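Have a look at the structure below, then the notes.
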Amino acid sequence: MPTLDPLASTLTLATAGYAAWYSLACWLAPYARCRACLGRGRRRGDRFTHRPCRRCHATGRRLRLGRRLANVLRHEHETYRSA
Ligand SMILES: [Zn+2]
């Protein structure tokens with residue numbers, strides 16, 4: 001039975017731990033602050049106006065990448081099941 005390289009197993013554990021933590025975070029808090037408007041929902045337009053942020057549709061929030069991925073995967077799964 002081959003022994004695992006301690007560094008490799010540590011890295012694997014760390015990656016798995018991070019993935020678990022990240023998916024938990026995406027599940028508990030699917031929204032993160034919009035980076036384009038810093039959560040304000042508005043962007044500075046010209047000198048006197050503030051335009052609604054197009055990136056987050058003026059909500060100031062954006063769906064996390066992990067959650068979006070989960071949504072896509074779930075959608076694919078449901079499509080596959082109904083087919
Ligand atoms: Zn925004």
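Residue numbering restarts at 1 for every chain of the structure tokens, chains are lettered A, B, ... in their displayed order, and ligands are numbered from 1 as they appear.
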Expected answer as a ChimeraX atom specification: residues within 9 Å of ligand 1, only C-alpha atoms and all ligand atoms: /A:33-43,52-62
Spatial neighbours of Ala29 in chain A, max dist 12 Å, only C-alpha atoms, sep filter under 4 positions, as an MDAnalysis selection string: chainID A and resid 21:25 33 61:67
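The residues of chain A that DSSP classifies as strand (DSSP E or B), using the backbone of this structure, are Tyr31, Ala32, Arg33, Arg42, Arg43, Arg44, His50, Arg51, Pro52, Arg61, Arg62 and Leu63 of chain A.
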Which of chain A fall in alpha helix (DSSP H), as an MDAnalysis selection string: chainID A and resid 6:28 65:82
Same residues, N, CA and C atoms, saved as a tab-separated table (two decimals), in the first residue's frame:
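selection-v1.tsv was written with the following content:
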chain	number	residue	atom	x	y	z
A	6	PRO	N	3.04	13.46	2.67
A	6	PRO	CA	2.35	14.28	3.69
A	6	PRO	C	1.92	15.63	3.17
A	7	LEU	N	2.74	16.22	2.33
A	7	LEU	CA	2.39	17.54	1.78
A	7	LEU	C	1.18	17.42	0.88
A	8	ALA	N	1.17	16.37	0.04
A	8	ALA	CA	0.06	16.18	-0.89
A	8	ALA	C	-1.24	15.94	-0.13
A	9	SER	N	-1.16	15.13	0.93
A	9	SER	CA	-2.39	14.84	1.67
A	9	SER	C	-2.86	16.07	2.42
A	10	THR	N	-1.93	16.88	2.90
A	10	THR	CA	-2.32	18.13	3.56
A	10	THR	C	-3.01	19.05	2.57
A	11	LEU	N	-2.43	19.14	1.38
A	11	LEU	CA	-3.03	19.99	0.34
A	11	LEU	C	-4.42	19.50	-0.03
A	12	THR	N	-4.55	18.18	-0.17
A	12	THR	CA	-5.85	17.60	-0.51
A	12	THR	C	-6.88	17.93	0.56
A	13	LEU	N	-6.46	17.75	1.81
A	13	LEU	CA	-7.35	18.05	2.93
A	13	LEU	C	-7.74	19.52	2.95
A	14	ALA	N	-6.76	20.38	2.73
A	14	ALA	CA	-7.02	21.82	2.74
A	14	ALA	C	-7.99	22.19	1.62
A	15	THR	N	-7.78	21.61	0.45
A	15	THR	CA	-8.65	21.90	-0.69
A	15	THR	C	-10.07	21.42	-0.41
A	16	ALA	N	-10.17	20.20	0.13
A	16	ALA	CA	-11.48	19.64	0.45
A	16	ALA	C	-12.17	20.49	1.52
A	17	GLY	N	-11.40	20.90	2.52
A	17	GLY	CA	-11.95	21.73	3.58
A	17	GLY	C	-12.42	23.06	3.05
A	18	TYR	N	-11.63	23.64	2.18
A	18	TYR	CA	-12.00	24.93	1.61
A	18	TYR	C	-13.25	24.80	0.75
A	19	ALA	N	-13.30	23.72	-0.04
A	19	ALA	CA	-14.47	23.50	-0.89
A	19	ALA	C	-15.73	23.33	-0.05
A	20	ALA	N	-15.60	22.59	1.05
A	20	ALA	CA	-16.75	22.38	1.95
A	20	ALA	C	-17.18	23.70	2.56
A	21	TRP	N	-16.20	24.47	3.01
A	21	TRP	CA	-16.50	25.76	3.62
A	21	TRP	C	-17.15	26.70	2.62
A	22	TYR	N	-16.62	26.68	1.40
A	22	TYR	CA	-17.12	27.59	0.36
A	22	TYR	C	-18.55	27.23	-0.03
A	23	SER	N	-18.83	25.93	-0.17
A	23	SER	CA	-20.19	25.55	-0.56
A	23	SER	C	-21.17	25.86	0.57
A	24	LEU	N	-20.71	25.73	1.81
A	24	LEU	CA	-21.54	26.09	2.95
A	24	LEU	C	-21.82	27.59	2.93
A	25	ALA	N	-20.80	28.37	2.65
A	25	ALA	CA	-20.95	29.82	2.59
A	25	ALA	C	-21.91	30.20	1.47
A	26	CYS	N	-21.80	29.53	0.35
A	26	CYS	CA	-22.67	29.82	-0.79
A	26	CYS	C	-24.12	29.44	-0.47
A	27	TRP	N	-24.26	28.42	0.35
A	27	TRP	CA	-25.59	27.96	0.70
A	27	TRP	C	-26.22	28.89	1.73
A	28	LEU	N	-25.43	29.30	2.72
A	28	LEU	CA	-25.94	30.16	3.78
A	28	LEU	C	-26.10	31.60	3.31
A	65	LEU	N	-20.30	33.09	-7.20
A	65	LEU	CA	-19.97	32.19	-8.31
A	65	LEU	C	-20.35	30.75	-7.98
A	66	GLY	N	-20.09	30.34	-6.75
A	66	GLY	CA	-20.38	28.97	-6.35
A	66	GLY	C	-21.86	28.68	-6.39
A	67	ARG	N	-22.67	29.67	-6.00
A	67	ARG	CA	-24.11	29.49	-5.99
A	67	ARG	C	-24.65	29.43	-7.42
A	68	ARG	N	-24.05	30.26	-8.27
A	68	ARG	CA	-24.47	30.27	-9.67
A	68	ARG	C	-24.16	28.92	-10.30
A	69	LEU	N	-23.00	28.41	-9.95
A	69	LEU	CA	-22.58	27.10	-10.45
A	69	LEU	C	-23.55	26.03	-9.97
A	70	ALA	N	-23.95	26.12	-8.68
A	70	ALA	CA	-24.87	25.16	-8.10
A	70	ALA	C	-26.22	25.24	-8.81
A	71	ASN	N	-26.66	26.46	-9.11
A	71	ASN	CA	-27.92	26.64	-9.83
A	71	ASN	C	-27.86	26.00	-11.20
A	72	VAL	N	-26.76	26.22	-11.90
A	72	VAL	CA	-26.58	25.65	-13.23
A	72	VAL	C	-26.60	24.14	-13.16
A	73	LEU	N	-25.86	23.59	-12.19
A	73	LEU	CA	-25.78	22.14	-12.03
A	73	LEU	C	-27.15	21.56	-11.70
A	74	ARG	N	-27.89	22.24	-10.82
A	74	ARG	CA	-29.22	21.77	-10.44
A	74	ARG	C	-30.15	21.79	-11.64
A	75	HIS	N	-30.03	22.87	-12.43
A	75	HIS	CA	-30.85	23.00	-13.61
A	75	HIS	C	-30.57	21.87	-14.60
A	76	GLU	N	-29.28	21.60	-14.80
A	76	GLU	CA	-28.87	20.52	-15.70
A	76	GLU	C	-29.44	19.19	-15.22
A	77	HIS	N	-29.35	19.00	-13.91
A	77	HIS	CA	-29.81	17.77	-13.30
A	77	HIS	C	-31.31	17.60	-13.52
A	78	GLU	N	-32.06	18.68	-13.30
A	78	GLU	CA	-33.51	18.62	-13.47
A	78	GLU	C	-33.88	18.39	-14.92
A	79	THR	N	-33.14	19.02	-15.83
A	79	THR	CA	-33.40	18.83	-17.24
A	79	THR	C	-33.16	17.37	-17.62
A	80	TYR	N	-32.10	16.81	-17.06
A	80	TYR	CA	-31.75	15.43	-17.37
A	80	TYR	C	-32.82	14.48	-16.84
A	81	ARG	N	-33.32	14.79	-15.63
A	81	ARG	CA	-34.32	13.91	-15.02
A	81	ARG	C	-35.66	13.96	-15.75
A	82	SER	N	-36.03	15.16	-16.21
A	82	SER	CA	-37.34	15.28	-16.85
A	82	SER	C	-37.30	14.75	-18.28
